[in-house]
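Step one of this worksheet: look at the structure below.
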Amino acid sequence: MISTESRPRLAVKARLRFDRKSSRYMLLYPERGLVLNPTAADVLQLCTGERTVSAIVDELARKYGHDVPLVERQVMDFLQTMANRGLVQAAP
Amino acid sequence: MSEPYRPYTLVAELTYRCPLRCVYCSNPLDYARHRDELDTITWLRVFAEAEELGVVQLNLSGGEPLARDDLEALVEGARRLDLYTNLITSGIPLTQDRLARLRGLGLDSVQVSIQDVTAAASDRIAGTRSFERKLQVAAWVKELGFPLTLNTVLHRENLARTAEIIALAERLGADRLELANTQYLGWALTNRESLLPTREQLERARRVAAEARHRLRGRMEVLFVTPDYYADLPKACVDGWGRRFIVVSPDGLALPCHAAHTLPGLSFESVTNCSLGDIWRDSPGFNAFRGEAWMSEPCRSCERRAIDFGGCRCQAFHLTGRAAATDPACHLAPDHDLIEKARAAATEGHPVPLVYRMPRAVPVPSAHGTGAAHDRGGAPGTVGAP
């Protein structure tokens with residue numbers, strides 16, 4: 001489970017790539033890929049295994065000028081979905 | 001993913017050479033006629049042209065891609081283009097040193113095939129002793145930090161061991177397990193009577209896989225690919241003809257799928273004469289089954305025509321003799337009785353000898369899916385069941 005203290009990083013199998021055709025980031029993994037919306041790409045680019053979820057949320061809340069609780073809820077939901085799909089791993 | 005025709009994946013069939021002789025090999029029966037192989041420079045140009053068209057995924061496949069001694073150069077070139085590169089291999093022949101070199105050059109992921117959970121059963125399907133080596137290679141893949149996909153093709157001889165296959169994948173630390181039911185094209189069509197399971201066998205295995213998918217969520221991805229023969233609705237084969245995939249055969253034919261060159265009356269160009277971009281846009285072969293104008297009823301007015309694109313063109317041809325027919329796997333297809341008869345035969349279950357993949361000079365066109373009958377019986381490839 002992802003918590004605010006987790007330090008998420010991309011799964012070994014997953015790699016970000018900027019797609020010139022769609023001007024979006026893609027998350028690539030074996031035989032599959034997801035086209036990311038700009039917010040999802042921003043979150044995943046911060047998933048380096050060093051930052052905590054709280055730190056990621058703070059950074060994005062500042063960037064977008066949104067309230068921390070709102071950003072936190074969205075980031076946690078997104079990261080949990082990605083973790084369930086085996087695309088993000090989280091060290092406690 | 002909204003562009004109607006954008007290739008995302010290039011399947012580079014680097015060679016048809018392979019030390020294994022699997023009875024369900026998807027290579028064409030006449031693979032031995034395609035002896036010439038593209039050289040390194042040409043493959044690297046093809047990768048670059050593919051990337052230019054929008055390809056982001058590269059599957060290095062075959063045959064056995066390890067048989068190419070320029071695999072290192074190809075991996076290095078693919079990584080320079082930032083392609084996500086997946087090696088699809090039997091694991092033979094391979095050393096740990098070579099695998100480590102490929103890791104260093106930027107190979108992203110390795111898929112190893114395992115035919116079954118015991119050496120005897122696995123080697124029987126592969127037609128060579130290979131099981132123990134494969135386990136060793138899978139262990140190296142993990143030690144070197146690659147993501148590991150384990151691929152097992154399912155059929156009536158191993159479906160009952162789906163739970164053991166999953167347990168083996170867990171022991172090997174696989175990140176992904178592909179339980180791919182045999183698709184009955186190529187050598188698998190020749191061996192259909194030996195391989196096609198009953199509905200009960202299939203349903204039991206599907207339940208086992210579903211339980212494992214739930215239990216292993218987030219740790220190991222468990223895919224279970226239903227065979228067309230029991231799906232009742234056809235698959236969107238290659239996500240639709242000429243929409244998402246380009247396959248390049250060892251001798252350089254650019255194809256919408258790996259068996260497209262077995263369809264008569266279609267012309268496909270070689271990457272040695274044309275750029276991949278020109279082929280993708282203008283090749284009559286790529287355009288033959290794009291859009292809906294080629295469809296006949298019941299596809300033409302079907303509400304699923306933009307979902308499954310009429311199914312698999314190769315299956316349509318190899319079962320009915322007409323590539324533009326509705327895929328007989330569809331329960332609405334006029335030729336669906338061909339599938340029903342095959343299923344009935346599977347339920348009766350008369351054991352027949354396996355035919356192993358082997359070089360063969362003459363292609364075997366089959367008008368009504370009876371290829372199995374005249375391929376067998378004294379043909380040079382026939383090997384009795386031990």
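Chain lettering (A, B, ...) mirrors the order of the structure tokens, residue numbering begins at 1 for each chain separately, and ligand numbering begins at 1 in order of display.
Near chain A, within 7 Å and using only C-alpha atoms, the residues of chain B are Gly54, Gln57, Tyr84, Asn86, Ser109, Pro147, Arg217, Gly218 and Arg219 of chain B.
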Taking 6 positions as the minimum chain separation for residues in the same chain, which residues sit within 12 Å of Glu178 of chain B when counting only C-alpha atoms? Answer as a compact mmCIF listing (two decimals) with C-alpha atoms, in the first residue's frame.
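File written: out-v6.txt
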# COMPACT_ATOMS: atom_id res chain seq x y z
CA PRO A 30 7.06 -5.10 -21.86
CA GLU A 31 4.84 -5.13 -24.95
CA GLN B 111 11.07 -12.94 -22.24
CA VAL B 112 12.02 -16.58 -21.80
CA SER B 113 9.82 -19.40 -23.03
CA ILE B 114 9.26 -22.47 -20.91
CA GLN B 115 7.22 -25.25 -22.43
CA LEU B 148 11.63 -11.23 -16.56
CA THR B 149 8.64 -12.34 -18.56
CA LEU B 150 8.04 -16.05 -18.57
CA ASN B 151 6.01 -17.29 -21.50
CA THR B 152 4.33 -20.66 -21.61
CA VAL B 153 2.19 -21.71 -24.54
CA LEU B 154 -0.79 -23.70 -23.28
CA THR B 162 -1.32 -24.22 -14.98
CA ILE B 165 3.52 -23.19 -14.13
CA ILE B 166 2.45 -20.22 -12.02
CA ALA B 169 7.15 -18.41 -12.38
CA ALA B 209 -4.99 -18.11 -13.60
CA ARG B 213 -3.78 -12.80 -10.93
CA MET B 220 3.56 -10.54 -10.93
CA GLU B 221 1.35 -9.76 -13.88
CA VAL B 222 -0.51 -12.91 -14.94
CA LEU B 223 -1.87 -12.86 -18.47
CA PHE B 224 -4.16 -15.59 -19.75
CA VAL B 225 -4.72 -15.44 -23.49
CA THR B 226 -7.87 -17.33 -24.50
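Relative to atom CA of Cys330 of chain B, atom CA of Leu233 of chain B is found at 4.6 Å.
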For Ala40 of chain A, list every protein, DNA or RNA residue within 9 Å, evaluated using only C-alpha atoms, and leave out those in the same chain fewer than 6 positions away; present the list as a ChimeraX atom specification. /A:25,75,78
Once you have the residues from the selection above, write them out as a CSV table (one decimal), in the first residue's frame, restricted to C-alpha atoms.
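Now in out-v3.csv:
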chain,number,residue,atom,x,y,z
A,25,TYR,CA,5.1,11.2,-22.1
A,75,VAL,CA,-1.6,11.6,-6.2
A,78,PHE,CA,-2.9,7.5,-9.0
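Checking B:Arg322, B:Arg290, B:Arg305, B:Arg243 one by one against Gly265 of chain B, counting only C-alpha atoms, you find the shortest gap at B:Arg322.
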- Message: For the strand (DSSP E or B) assignment from backbone DSSP, which residues of segment 140-177 of chain B qualify? Please present them as a list in words.
- Response: Leu148, Thr149, Leu150, Asn151, Thr152, Val153, Leu154, Arg176 and Leu177 of chain B
Please dump the current selection as a CSV table (one decimal), in the first residue's frame; keep C-alpha atoms.
chain,number,residue,atom,x,y,z
B,148,LEU,CA,11.6,-11.2,-16.6
B,149,THR,CA,8.6,-12.3,-18.6
B,150,LEU,CA,8.0,-16.1,-18.6
B,151,ASN,CA,6.0,-17.3,-21.5
B,152,THR,CA,4.3,-20.7,-21.6
B,153,VAL,CA,2.2,-21.7,-24.5
B,154,LEU,CA,-0.8,-23.7,-23.3
B,176,ARG,CA,5.2,-11.1,-15.8
B,177,LEU,CA,3.8,-14.5,-16.8
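One finds atom CA of Arg45 of chain B at 17.5 Å from atom CA of Arg281 of chain B.
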